[in-house]
>>> print(open('structure-v7.cif').read())   # mmCIF, C-alpha atoms and all ligand atoms
data_protein
loop_
_atom_site.label_atom_id
_atom_site.label_comp_id
_atom_site.auth_asym_id
_atom_site.auth_seq_id
_atom_site.Cartn_x
_atom_site.Cartn_y
_atom_site.Cartn_z
CA MET A 18 0.00 0.00 0.00
CA SER A 19 1.26 3.46 -0.75
CA SER A 20 2.08 5.95 1.94
CA THR A 21 0.09 8.79 0.39
CA ALA A 22 -1.33 9.89 3.76
CA GLN A 23 2.10 10.92 5.08
CA THR A 24 3.76 12.24 1.91
CA PRO A 25 3.23 15.40 -0.13
CA SER A 26 0.52 15.06 -2.79
CA LEU A 27 1.26 15.38 -6.50
CA PRO A 28 -0.46 17.82 -8.85
CA HIS A 29 -2.25 15.95 -11.61
CA TRP A 30 -3.93 16.71 -14.93
CA GLU A 31 -6.53 14.28 -16.23
CA THR A 32 -6.47 16.00 -19.62
CA THR A 33 -3.48 17.51 -21.42
CA PRO A 34 -2.16 20.47 -19.37
CA PRO A 35 -2.58 23.77 -21.24
CA ASP A 36 1.00 24.83 -20.39
CA LEU A 37 3.24 21.77 -20.75
CA LYS A 38 6.43 23.41 -19.53
CA ALA A 39 4.76 24.79 -16.42
CA ALA A 40 3.16 21.41 -15.70
CA ILE A 41 6.52 19.65 -16.09
CA ARG A 42 8.19 22.08 -13.68
CA GLU A 43 5.40 21.66 -11.14
CA THR A 44 5.32 17.87 -11.46
CA LYS A 45 9.07 17.44 -11.12
CA ALA A 46 9.23 19.68 -8.06
CA ALA A 47 6.38 17.76 -6.43
CA ILE A 48 7.86 14.32 -7.16
CA ARG A 49 11.23 15.46 -5.84
CA ALA A 50 9.60 16.74 -2.65
CA ARG A 51 7.70 13.52 -2.24
CA ILE A 52 10.80 11.36 -2.67
CA GLU A 53 12.74 13.54 -0.22
CA ALA A 54 9.93 13.23 2.34
CA SER A 55 10.82 9.53 2.48
CA GLY A 56 14.23 10.48 3.87
CA ARG A 57 16.11 9.59 0.68
CA SER A 58 17.46 11.95 -1.95
CA VAL A 59 16.42 11.78 -5.59
CA GLU A 60 20.02 10.91 -6.49
CA GLU A 61 20.03 8.05 -4.00
CA VAL A 62 16.77 6.63 -5.31
CA PHE A 63 17.91 6.94 -8.91
CA ALA A 64 21.20 5.26 -8.06
CA ALA A 65 19.29 2.29 -6.62
CA VAL A 66 17.29 1.96 -9.85
CA GLU A 67 20.40 2.40 -11.95
CA ALA A 68 22.20 -0.38 -10.06
CA ARG A 69 19.23 -2.73 -10.50
CA VAL A 70 19.08 -2.00 -14.23
CA ALA A 71 22.88 -2.06 -14.68
CA GLU A 72 22.98 -5.62 -13.36
CA LYS A 73 20.50 -6.64 -16.05
CA VAL A 74 22.37 -4.71 -18.74
CA ALA A 75 25.57 -6.57 -17.83
CA GLU A 76 23.69 -9.86 -18.06
CA ILE A 77 22.38 -9.01 -21.54
CA GLU A 78 25.81 -7.88 -22.73
CA GLU A 79 27.30 -11.13 -21.44
CA ALA A 80 24.61 -13.16 -23.22
CA LYS A 81 25.19 -11.28 -26.48
CA ARG A 82 28.96 -11.83 -26.23
CA GLY A 83 28.40 -15.54 -25.66
CA GLY A 84 26.15 -15.79 -28.72
CA GLU A 85 23.18 -16.76 -26.57
CA THR A 86 19.66 -15.97 -27.84
CA VAL A 87 18.65 -13.13 -25.56
CA TRP A 88 14.96 -13.42 -26.43
CA PRO A 89 13.06 -16.27 -24.79
CA VAL A 90 11.63 -18.58 -27.46
CA ILE A 91 8.50 -20.47 -26.44
CA ASP A 92 6.82 -23.20 -28.48
CA TYR A 93 3.15 -22.61 -29.10
CA ALA A 94 2.59 -26.34 -28.56
CA ASP A 95 3.82 -25.94 -24.97
CA ILE A 96 1.40 -23.10 -24.34
CA GLU A 97 -1.47 -25.18 -25.71
CA ALA A 98 -0.45 -28.19 -23.61
CA GLY A 99 0.32 -26.11 -20.50
CA THR A 100 3.90 -27.41 -20.48
CA VAL A 101 5.99 -24.25 -20.88
CA PRO A 102 9.16 -25.01 -18.86
CA ALA A 103 9.44 -23.04 -15.61
CA ALA A 104 12.86 -21.77 -16.65
CA MET A 105 11.33 -20.29 -19.79
CA VAL A 106 8.57 -18.56 -17.82
CA GLU A 107 11.26 -17.14 -15.55
CA LYS A 108 13.19 -15.90 -18.58
CA LEU A 109 10.04 -14.28 -19.96
CA HIS A 110 9.68 -12.37 -16.68
CA ARG A 111 13.31 -11.34 -16.66
CA ARG A 112 13.38 -10.18 -20.27
CA GLY A 113 9.82 -8.93 -20.74
CA CYS A 114 9.65 -10.21 -24.31
CA ALA A 115 9.30 -13.48 -26.20
CA VAL A 116 8.97 -15.16 -29.56
CA ILE A 117 6.17 -17.74 -29.78
CA ARG A 118 7.26 -20.36 -32.32
CA GLY A 119 4.61 -21.94 -34.50
CA HIS A 120 1.85 -19.81 -33.03
CA PHE A 121 0.10 -20.22 -36.37
CA GLU A 122 0.83 -22.75 -39.09
CA ARG A 123 3.29 -21.25 -41.55
CA GLU A 124 0.93 -21.98 -44.47
CA GLN A 125 -1.88 -20.17 -42.66
CA ALA A 126 0.25 -17.08 -42.13
CA LEU A 127 1.43 -17.04 -45.76
CA ALA A 128 -2.18 -17.40 -46.91
CA TRP A 129 -3.14 -14.44 -44.73
CA ASP A 130 -0.34 -12.41 -46.28
CA ARG A 131 -1.62 -13.20 -49.79
CA GLU A 132 -5.17 -12.42 -48.68
CA ILE A 133 -4.07 -8.96 -47.51
CA VAL A 134 -2.39 -8.28 -50.85
CA ASP A 135 -5.51 -9.40 -52.71
CA TYR A 136 -7.72 -7.32 -50.44
CA VAL A 137 -5.83 -4.08 -50.97
CA GLU A 138 -5.36 -4.71 -54.70
CA ARG A 139 -9.01 -5.58 -55.30
CA ASN A 140 -9.89 -2.31 -53.63
CA GLU A 141 -7.28 -0.25 -55.48
CA PHE A 142 -5.64 0.88 -52.26
CA PHE A 143 -2.38 1.87 -53.92
CA GLU A 144 -4.19 4.09 -56.42
CA SER A 145 -6.01 5.96 -53.66
CA TYR A 146 -3.28 6.03 -51.00
CA GLN A 147 -2.71 9.58 -49.77
CA GLY A 148 0.56 8.97 -47.92
CA PRO A 149 1.33 8.87 -44.22
CA ALA A 150 -1.30 10.70 -42.21
CA ASP A 151 0.37 11.12 -38.87
CA ASP A 152 3.61 12.12 -37.24
CA PHE A 153 3.76 9.09 -34.99
CA PHE A 154 7.48 8.64 -35.42
CA GLY A 155 8.42 12.33 -35.60
CA SER A 156 10.65 12.10 -32.56
CA VAL A 157 12.48 8.93 -33.49
CA GLY A 158 13.24 8.99 -37.19
CA SER A 159 11.80 7.46 -40.32
CA ARG A 160 8.68 5.34 -40.50
CA PRO A 161 8.28 1.73 -41.52
CA GLU A 162 5.91 0.88 -44.36
CA ILE A 163 2.55 0.80 -42.74
CA TYR A 164 -0.81 0.01 -44.36
CA PRO A 165 -3.68 1.74 -42.54
CA VAL A 166 -5.86 -1.32 -43.05
CA TYR A 167 -7.77 -2.77 -40.09
CA TRP A 168 -10.66 -4.96 -41.20
CA SER A 169 -9.34 -7.61 -43.59
CA HIS A 170 -10.39 -11.23 -43.17
CA ALA A 171 -6.78 -12.09 -42.39
CA GLN A 172 -6.57 -9.68 -39.47
CA MET A 173 -9.97 -10.51 -38.04
CA GLU A 174 -9.49 -14.27 -38.37
CA ALA A 175 -6.22 -14.05 -36.47
CA ARG A 176 -7.68 -11.72 -33.81
CA GLN A 177 -10.62 -13.96 -33.01
CA SER A 178 -8.78 -17.27 -33.35
CA ASP A 179 -8.53 -19.77 -30.49
CA ARG A 180 -4.76 -19.83 -30.90
CA MET A 181 -4.51 -16.07 -30.40
CA ALA A 182 -6.83 -16.19 -27.38
CA ARG A 183 -4.73 -18.94 -25.81
CA VAL A 184 -1.46 -17.06 -26.20
CA GLN A 185 -2.96 -13.76 -25.01
CA SER A 186 -4.28 -15.52 -21.93
CA PHE A 187 -0.88 -17.10 -21.24
CA LEU A 188 0.81 -13.70 -21.55
CA ASN A 189 -1.80 -11.87 -19.47
CA HIS A 190 -1.34 -14.39 -16.68
CA GLN A 191 2.29 -13.29 -16.34
CA TRP A 192 1.00 -10.07 -14.75
CA THR A 193 -0.41 -9.61 -11.23
CA TYR A 194 -3.97 -8.74 -12.12
CA GLU A 195 -5.59 -8.95 -8.69
CA SER A 196 -4.56 -6.97 -5.63
CA GLY A 197 -6.20 -5.20 -2.70
CA GLY A 198 -9.52 -6.87 -3.50
CA VAL A 199 -9.59 -5.49 -7.05
CA GLN A 200 -9.41 -7.52 -10.24
CA TRP A 201 -7.63 -5.05 -12.51
CA PHE A 202 -8.30 -7.03 -15.69
CA ASP A 203 -9.71 -10.33 -16.91
CA PRO A 204 -6.71 -12.32 -18.19
CA ASP A 205 -8.89 -14.71 -20.18
CA ARG A 206 -10.77 -12.21 -22.31
CA ASP A 207 -9.15 -9.96 -24.90
CA SER A 208 -10.61 -6.68 -26.11
CA LEU A 209 -9.65 -7.13 -29.78
CA TYR A 210 -7.56 -4.02 -30.36
CA PRO A 211 -7.40 -3.30 -34.11
CA ASP A 212 -4.07 -2.09 -35.43
CA ARG A 213 -2.34 -1.85 -38.79
CA ILE A 214 -0.14 -3.95 -41.08
CA ARG A 215 3.47 -3.50 -42.13
CA ARG A 216 4.66 -4.89 -45.46
CA ARG A 217 8.22 -4.11 -46.46
CA PRO A 218 9.33 -5.48 -49.82
CA PRO A 219 12.58 -7.19 -50.81
CA GLY A 220 15.25 -4.66 -51.77
CA ALA A 221 13.88 -2.05 -49.39
CA SER A 222 16.29 0.17 -47.52
CA SER A 223 15.14 1.72 -44.31
CA SER A 224 16.85 3.77 -41.65
CA GLY A 225 14.82 1.87 -39.08
CA LEU A 226 12.83 3.23 -36.22
CA GLY A 227 14.48 4.77 -33.18
CA SER A 228 14.00 3.23 -29.76
CA HIS A 229 10.95 4.29 -27.80
CA VAL A 230 8.16 3.08 -25.55
CA ASP A 231 4.49 2.96 -26.51
CA VAL A 232 2.83 3.06 -23.11
CA GLY A 233 2.29 6.81 -22.80
CA THR A 234 4.02 10.18 -22.66
CA LEU A 235 3.64 12.98 -20.11
CA ASP A 236 0.48 11.31 -18.81
CA LEU A 237 2.73 8.72 -17.15
CA TRP A 238 3.91 11.39 -14.70
CA MET A 239 0.84 13.61 -14.68
CA THR A 240 -2.36 11.59 -14.36
CA ASN A 241 -3.65 10.38 -11.04
CA ALA A 242 -3.90 6.75 -12.16
CA TYR A 243 -0.31 6.53 -13.41
CA GLN A 244 0.99 8.37 -10.36
CA GLN A 245 -0.56 5.52 -8.37
CA ALA A 246 0.71 2.86 -10.77
CA PHE A 247 4.24 4.26 -10.37
CA ARG A 248 3.75 5.04 -6.65
CA HIS A 249 6.90 3.20 -5.60
CA LEU A 250 9.01 5.25 -8.00
CA PHE A 251 7.66 8.53 -6.71
CA ASP A 252 7.65 7.90 -2.96
CA GLY A 253 11.16 6.63 -2.30
CA SER A 254 10.27 2.91 -2.15
CA VAL A 255 11.75 2.00 -5.55
CA GLU A 256 12.86 -1.42 -4.36
CA GLN A 257 9.17 -2.41 -4.26
CA TYR A 258 8.49 -1.34 -7.85
CA ASP A 259 7.16 -4.31 -9.85
CA PRO A 260 6.71 -3.84 -13.61
CA TRP A 261 4.28 -6.78 -13.68
CA ASP A 262 1.82 -5.20 -11.23
CA ALA A 263 -1.30 -4.04 -13.13
CA SER A 264 -2.63 -1.95 -10.22
CA TYR A 265 -4.08 1.40 -11.33
CA ARG A 266 -3.07 0.85 -14.95
CA THR A 267 -6.41 -0.28 -16.32
CA SER A 268 -8.83 2.58 -15.83
CA GLY A 269 -7.00 5.90 -16.16
CA PRO A 270 -7.02 8.31 -19.10
CA GLN A 271 -4.36 9.02 -21.73
CA TYR A 272 -3.68 12.40 -23.28
CA PRO A 273 -5.28 12.28 -26.72
CA SER A 274 -3.17 12.28 -29.90
CA THR A 275 -2.68 10.11 -32.96
CA THR A 276 0.12 8.35 -31.08
CA MET A 277 -2.10 7.29 -28.22
CA CYS A 278 -3.22 3.82 -27.33
CA SER A 279 -6.58 4.07 -25.56
CA VAL A 280 -6.41 0.55 -24.26
CA PHE A 281 -4.32 -1.12 -21.62
CA ARG A 282 -2.00 -3.71 -23.18
CA THR A 283 -0.07 -6.30 -21.19
CA PHE A 284 2.07 -6.96 -24.26
CA GLN A 285 2.39 -5.32 -27.64
CA GLY A 286 2.86 -7.90 -30.37
CA TRP A 287 2.86 -8.85 -34.00
CA THR A 288 2.30 -11.92 -36.09
CA ALA A 289 4.93 -12.66 -38.76
CA LEU A 290 3.40 -12.97 -42.23
CA SER A 291 6.75 -13.70 -43.89
CA ASP A 292 9.99 -15.35 -42.84
CA MET A 293 12.42 -12.73 -41.52
CA ALA A 294 16.11 -13.15 -40.75
CA HIS A 295 17.52 -11.54 -37.61
CA ASP A 296 19.75 -9.19 -39.64
CA GLN A 297 17.11 -7.81 -42.01
CA GLY A 298 15.97 -4.69 -40.21
CA VAL A 299 13.89 -6.39 -37.55
CA LEU A 300 12.58 -5.46 -34.12
CA PHE A 301 14.89 -5.05 -31.16
CA THR A 302 14.14 -4.37 -27.51
CA VAL A 303 15.91 -3.37 -24.35
CA PRO A 304 14.79 -6.61 -22.72
CA ILE A 305 14.56 -5.20 -19.21
CA PRO A 306 11.05 -4.33 -17.95
CA GLU A 307 12.49 -2.41 -14.97
CA ALA A 308 14.09 0.07 -17.37
CA MET A 309 10.82 2.00 -17.10
CA ALA A 310 11.82 3.00 -13.57
CA TYR A 311 15.05 4.46 -14.96
CA MET A 312 13.17 6.43 -17.64
CA MET A 313 10.60 7.77 -15.19
CA LEU A 314 13.19 9.00 -12.69
CA ARG A 315 15.95 10.17 -15.02
CA PRO A 316 14.32 13.59 -15.71
CA LEU A 317 14.47 14.40 -11.99
CA LEU A 318 18.27 14.58 -11.92
CA PRO A 319 19.74 18.10 -11.83
CA ASP A 320 21.37 17.97 -15.30
CA VAL A 321 17.95 17.95 -16.99
CA PRO A 322 16.34 21.42 -17.40
CA ASP A 323 13.40 21.93 -15.04
CA ASP A 324 10.88 22.17 -17.87
CA ASP A 325 12.14 19.08 -19.73
CA MET A 326 11.22 15.40 -19.25
CA CYS A 327 14.21 14.10 -21.26
CA GLY A 328 12.46 15.06 -24.47
CA VAL A 329 9.13 13.39 -23.73
CA THR A 330 6.18 15.45 -24.95
CA VAL A 331 2.61 14.90 -26.08
CA GLY A 332 1.81 13.96 -29.67
CA GLN A 333 4.98 11.94 -30.25
CA VAL A 334 6.17 8.59 -28.90
CA PHE A 335 8.34 8.50 -25.78
CA PRO A 336 11.94 8.57 -27.11
CA VAL A 337 14.81 6.62 -25.61
CA ASN A 338 18.28 7.76 -26.60
CA GLU A 339 22.00 7.90 -26.04
CA GLN A 340 21.81 11.41 -24.56
CA TRP A 341 19.62 10.53 -21.57
CA HIS A 342 19.69 6.75 -21.44
CA PRO A 343 23.22 5.61 -22.36
CA LEU A 344 23.07 2.66 -19.97
CA LEU A 345 19.88 1.33 -21.54
CA VAL A 346 20.90 1.52 -25.19
CA ARG A 347 23.79 -0.87 -24.45
CA ALA A 348 21.27 -3.66 -23.96
CA PHE A 349 19.60 -3.57 -27.40
CA ALA A 350 18.72 -7.14 -28.36
CA GLY A 351 17.20 -8.10 -31.71
CA ILE A 352 14.76 -10.92 -32.33
CA PRO A 353 16.13 -14.21 -33.63
CA ASP A 354 15.15 -15.41 -37.13
CA VAL A 355 11.39 -15.86 -37.32
CA GLN A 356 9.14 -17.75 -39.70
CA ALA A 357 5.73 -16.78 -40.97
CA GLY A 358 3.28 -17.80 -38.23
CA ASP A 359 5.60 -17.05 -35.32
CA THR A 360 4.55 -14.17 -33.08
CA VAL A 361 6.71 -11.61 -31.30
CA TRP A 362 5.72 -9.96 -28.00
CA TRP A 363 7.06 -7.31 -25.67
CA HIS A 364 5.82 -6.03 -22.31
CA ALA A 365 3.87 -2.75 -22.55
CA ASP A 366 6.73 -0.77 -20.93
CA VAL A 367 9.58 -2.40 -22.82
CA ILE A 368 11.78 -0.16 -24.99
CA HIS A 369 11.83 -1.20 -28.63
CA GLY A 370 12.75 -0.04 -32.11
CA VAL A 371 13.45 -1.36 -35.59
CA ALA A 372 17.00 -1.83 -36.88
CA PRO A 373 18.04 -0.22 -40.18
CA VAL A 374 18.42 -2.35 -43.30
CA GLU A 375 19.93 -1.91 -46.76
CA ASP A 376 18.63 -3.89 -49.70
CA GLN A 377 16.46 -6.14 -47.57
CA LYS A 378 16.44 -9.86 -48.35
CA GLY A 379 12.93 -11.22 -48.47
CA TRP A 380 9.74 -9.59 -47.25
CA GLY A 381 9.23 -8.01 -43.83
CA ASN A 382 5.51 -8.44 -43.22
CA VAL A 383 3.67 -8.33 -39.93
CA MET A 384 0.23 -7.68 -38.53
CA TYR A 385 0.09 -5.98 -35.17
CA ILE A 386 -2.08 -7.83 -32.66
CA PRO A 387 -1.45 -7.07 -28.98
CA ALA A 388 -2.69 -8.65 -25.76
CA ALA A 389 -5.23 -6.14 -24.45
CA PRO A 390 -7.24 -7.84 -21.71
CA TRP A 391 -10.76 -6.81 -20.74
CA CYS A 392 -10.72 -4.03 -18.11
CA PRO A 393 -12.57 -0.73 -17.55
CA ARG A 394 -10.30 1.20 -19.91
CA ASN A 395 -10.65 -1.34 -22.72
CA GLU A 396 -14.37 -1.73 -22.13
CA GLN A 397 -14.74 2.01 -22.62
CA TYR A 398 -12.97 1.89 -26.00
CA ALA A 399 -14.83 -1.21 -27.22
CA PRO A 400 -18.08 0.46 -28.46
CA ARG A 401 -16.06 2.93 -30.55
CA VAL A 402 -14.05 0.07 -32.01
CA TYR A 403 -17.20 -1.84 -32.86
CA GLU A 404 -18.71 1.18 -34.58
CA ALA A 405 -15.50 1.61 -36.60
CA PHE A 406 -15.64 -2.08 -37.51
CA VAL A 407 -19.25 -1.89 -38.70
CA ASN A 408 -18.54 1.22 -40.81
CA GLY A 409 -15.08 0.23 -42.05
CA ASP A 410 -13.58 3.28 -40.36
CA SER A 411 -10.06 3.74 -39.05
CA PRO A 412 -10.36 3.17 -35.29
CA SER A 413 -10.36 6.38 -33.27
CA ASP A 414 -6.82 5.84 -31.94
CA PHE A 415 -5.51 6.15 -35.51
CA PRO A 416 -5.50 8.89 -38.16
CA GLU A 417 -8.85 9.40 -39.87
CA GLU A 418 -8.04 7.74 -43.19
CA HIS A 419 -11.05 5.44 -43.52
CA TYR A 420 -9.85 3.69 -46.69
CA GLU A 421 -11.97 0.61 -46.06
CA ARG A 422 -15.36 2.34 -45.81
CA SER A 423 -16.17 1.61 -49.44
CA TRP A 424 -14.47 -1.80 -49.61
CA PRO A 425 -17.27 -4.35 -49.97
CA ASP A 426 -15.24 -7.43 -49.01
CA ARG A 427 -14.10 -6.43 -45.53
CA PHE A 428 -14.85 -8.73 -42.59
CA LYS A 429 -18.53 -8.57 -41.60
CA PRO A 430 -20.30 -8.57 -38.21
CA GLU A 431 -22.06 -11.87 -39.01
CA GLU A 432 -18.63 -13.51 -39.39
CA LEU A 433 -17.70 -12.83 -35.76
CA ASN A 434 -17.36 -15.85 -33.53
CA GLU A 435 -17.85 -15.90 -29.75
CA THR A 436 -14.30 -14.61 -29.11
CA GLY A 437 -14.81 -11.76 -31.57
CA ARG A 438 -18.16 -10.80 -30.03
CA ARG A 439 -16.69 -10.85 -26.54
CA GLY A 440 -13.76 -8.77 -27.76
CA PHE A 441 -16.10 -6.03 -28.97
CA GLY A 442 -18.10 -6.20 -25.72
CA LEU A 443 -21.21 -7.47 -27.51
CA VAL A 444 -21.53 -10.38 -25.08
CA GLY A 445 -20.00 -11.25 -21.72
CA PRO A 446 -20.07 -9.67 -18.28
CA ARG A 447 -19.24 -6.03 -17.64
CA SER A 448 -15.82 -5.59 -16.10
CA ARG A 449 -15.52 -4.81 -12.42
CA ARG A 450 -14.65 -1.20 -11.74
CA GLY A 451 -11.36 -0.34 -10.12
CA PRO A 452 -11.24 2.27 -7.38
CA THR A 453 -9.87 4.98 -9.66
CA GLY A 454 -13.07 4.96 -11.77
FE FE B 501 6.27 1.16 -30.69
#
>>> encode(input="structure-v7.cif", output="structure tokens", more="lines below")
Ligand SMILES: [Fe+2]
Amino acid sequence: MSSTAQTPSLPHWETTPPDLKAAIRETKAAIRARIEASGRSVEEVFAAVEARVAEKVAEIEEAKRGGETVWPVIDYADIEAGTVPAAMVEKLHRRGCAVIRGHFEREQALAWDREIVDYVERNEFFESYQGPADDFFGSVGSRPEIYPVYWSHAQMEARQSDRMARVQSFLNHQWTYESGGVQWFDPDRDSLYPDRIRRRPPGASSSGLGSHVDVGTLDLWMTNAYQQAFRHLFDGSVEQYDPWDASYRTSGPQYPSTTMCSVFRTFQGWTALSDMAHDQGVLFTVPIPEAMAYMMLRPLLPDVPDDDMCGVTVGQVFPVNEQWHPLLVRAFAGIPDVQAGDTVWWHADVIHGVAPVEDQKGWGNVMYIPAAPWCPRNEQYAPRVYEAFVNGDSPSDFPEEHYERSWPDRFKPEELNETGRRGFGLVGPRSRRGPTG
């Protein structure tokens, strides 16, 4: 339990503060005062976090030097049979990311890839494409090749499949989802979060995508819910911080922008729709979930200007870089080779990016499908998602491109199965409300 009764309170903004710089100054001063009220200095608390993270960084560097696969690799068959080795579960917790081998049959994934190509070609997508509609990656460099397509049969079949539900449930169960008499989310029900597709052709050259986190921006320091979620970072008890604790994460707001994710995700993930070699411009992470503690506290040190959160601002993803996070960038670890049908997952807080590539060998095709378990926040987004689905709209978290509105062959409501209907909130119990409303 937090010690809020004895420690100074924090100012909070449940919608984007009108004056960001002033809000940053006020927030930093209040968090510093709160940490100091615990009897420890900010420097001391940060040093404790740094030591905890540095130990993990050294472990990753050692593993990389020894040629070990840093990413845990879990066989889908073991998830289905309930026989994932304990050592692998432990590694998943330590690294906060995993590849699920054979999540879908390779032939199934390749057929989905062809289906997506047919779908966009039948509907003359390339003739009508207007170009990128957002500045999602403005802070971190160039963008990958993203199709703003949400409602193909391929995507919907994967989202509502038993195999996806099984893996999402396995991943959700890695979190602590019940505490203090509250069930923060239902680990066995997903909220079907629609996202886009990336298809990068052979021969492509890309400067990659700089490292960042998806989970939020200034709202992580400034909303009441996240101040509670990160209570141990802000009140001097950093040793108790647990990145797998879902408390207070599943009902708070996010500051709106085209980079936002309205839902709570336990893991972000994608399904490989082509084989991809580890050296062909693929995803990497900093496989250390506790690194979030480092990123949240780093702006409080005296070398960062009072009105700066190490470059984090609204409307762009949360950047992670050499300037402010030199310890973390040493631990970059790319995925191993994957085949079509494998899936790749990383904890919601885990730093990630995409490596550059020149003259790419083979395709680099993925569909983004996260684990977004049913909770108050996701339940709130579900009706808007369903409306977008029925109309063929871009979901409200994404730019208003709406290419699929006039495409007659998109996935239809009558094709939803029980998992799909539950994911849209059309059937199933309401979620229990957490105390933060
Ligand atoms: Fe991301």
>>> residues_near_ligand(input="structure-v7.cif", ligand="ligand FE 501 (chain B)", cutoff="8 Å", atoms="only C-alpha atoms and all ligand atoms", output="list in words")
His229, Val230, Asp231, Val334, His369 and Gly370 of chain A
>>> atom_distance(input="structure-v7.cif", atom1="CA of His120 (chain A)", atom2="CA of Ala372 (chain A)")
23.8 Å
>>> residues_around(input="structure-v7.cif", residues="region 222-228 of chain A", least_positions_apart="5", cutoff="12 Å", atoms="only C-alpha atoms", output="PyMOL selection string")
chain A and resi 153-162+217+297-303+334-339+342+345-351+367-381
>>> atom_distance(input="structure-v7.cif", atom1="CA of Ala263 (chain A)", atom2="CA of Thr193 (chain A)")
6.0 Å
>>> atom_distance(input="structure-v7.cif", atom1="CA of Val444 (chain A)", atom2="CA of Phe284 (chain A)")
23.9 Å
>>> residues_around(input="structure-v7.cif", residues="region 314-327 of chain A", least_positions_apart="6", cutoff="10 Å", atoms="only C-alpha atoms", output="VMD selection string")
chain A and resid 37 to 46 48 to 49 59 to 60 62 to 64 66 to 67 234 to 235 238 250 to 251 335 to 338 340 to 342
>>> write_last_selection(input="structure-v7.cif", atoms="C-alpha atoms", output="mmCIF file, in the frame of the given file")
data_model
loop_
_atom_site.group_PDB
_atom_site.id
_atom_site.type_symbol
_atom_site.label_atom_id
_atom_site.label_comp_id
_atom_site.auth_asym_id
_atom_site.auth_seq_id
_atom_site.Cartn_x
_atom_site.Cartn_y
_atom_site.Cartn_z
ATOM 1 C CA LEU A 37 3.240 21.770 -20.750
ATOM 2 C CA LYS A 38 6.430 23.410 -19.530
ATOM 3 C CA ALA A 39 4.760 24.790 -16.420
ATOM 4 C CA ALA A 40 3.160 21.410 -15.700
ATOM 5 C CA ILE A 41 6.520 19.650 -16.090
ATOM 6 C CA ARG A 42 8.190 22.080 -13.680
ATOM 7 C CA GLU A 43 5.400 21.660 -11.140
ATOM 8 C CA THR A 44 5.320 17.870 -11.460
ATOM 9 C CA LYS A 45 9.070 17.440 -11.120
ATOM 10 C CA ALA A 46 9.230 19.680 -8.060
ATOM 11 C CA ILE A 48 7.860 14.320 -7.160
ATOM 12 C CA ARG A 49 11.230 15.460 -5.840
ATOM 13 C CA VAL A 59 16.420 11.780 -5.590
ATOM 14 C CA GLU A 60 20.020 10.910 -6.490
ATOM 15 C CA VAL A 62 16.770 6.630 -5.310
ATOM 16 C CA PHE A 63 17.910 6.940 -8.910
ATOM 17 C CA ALA A 64 21.200 5.260 -8.060
ATOM 18 C CA VAL A 66 17.290 1.960 -9.850
ATOM 19 C CA GLU A 67 20.400 2.400 -11.950
ATOM 20 C CA THR A 234 4.020 10.180 -22.660
ATOM 21 C CA LEU A 235 3.640 12.980 -20.110
ATOM 22 C CA TRP A 238 3.910 11.390 -14.700
ATOM 23 C CA LEU A 250 9.010 5.250 -8.000
ATOM 24 C CA PHE A 251 7.660 8.530 -6.710
ATOM 25 C CA PHE A 335 8.340 8.500 -25.780
ATOM 26 C CA PRO A 336 11.940 8.570 -27.110
ATOM 27 C CA VAL A 337 14.810 6.620 -25.610
ATOM 28 C CA ASN A 338 18.280 7.760 -26.600
ATOM 29 C CA GLN A 340 21.810 11.410 -24.560
ATOM 30 C CA TRP A 341 19.620 10.530 -21.570
ATOM 31 C CA HIS A 342 19.690 6.750 -21.440
#
>>> closest_residue(input="structure-v7.cif", among="A:Ala388, A:Ala405, A:Ala47, A:Ala126", to="Glu421 (chain A)", atoms="only C-alpha atoms")
A:Ala405
>>> closest_residue(input="structure-v7.cif", among="A:Asn408, A:Thr33, A:Thr86, A:Asn395", to="Phe202 (chain A)", atoms="all atoms listed in the file")
A:Asn395
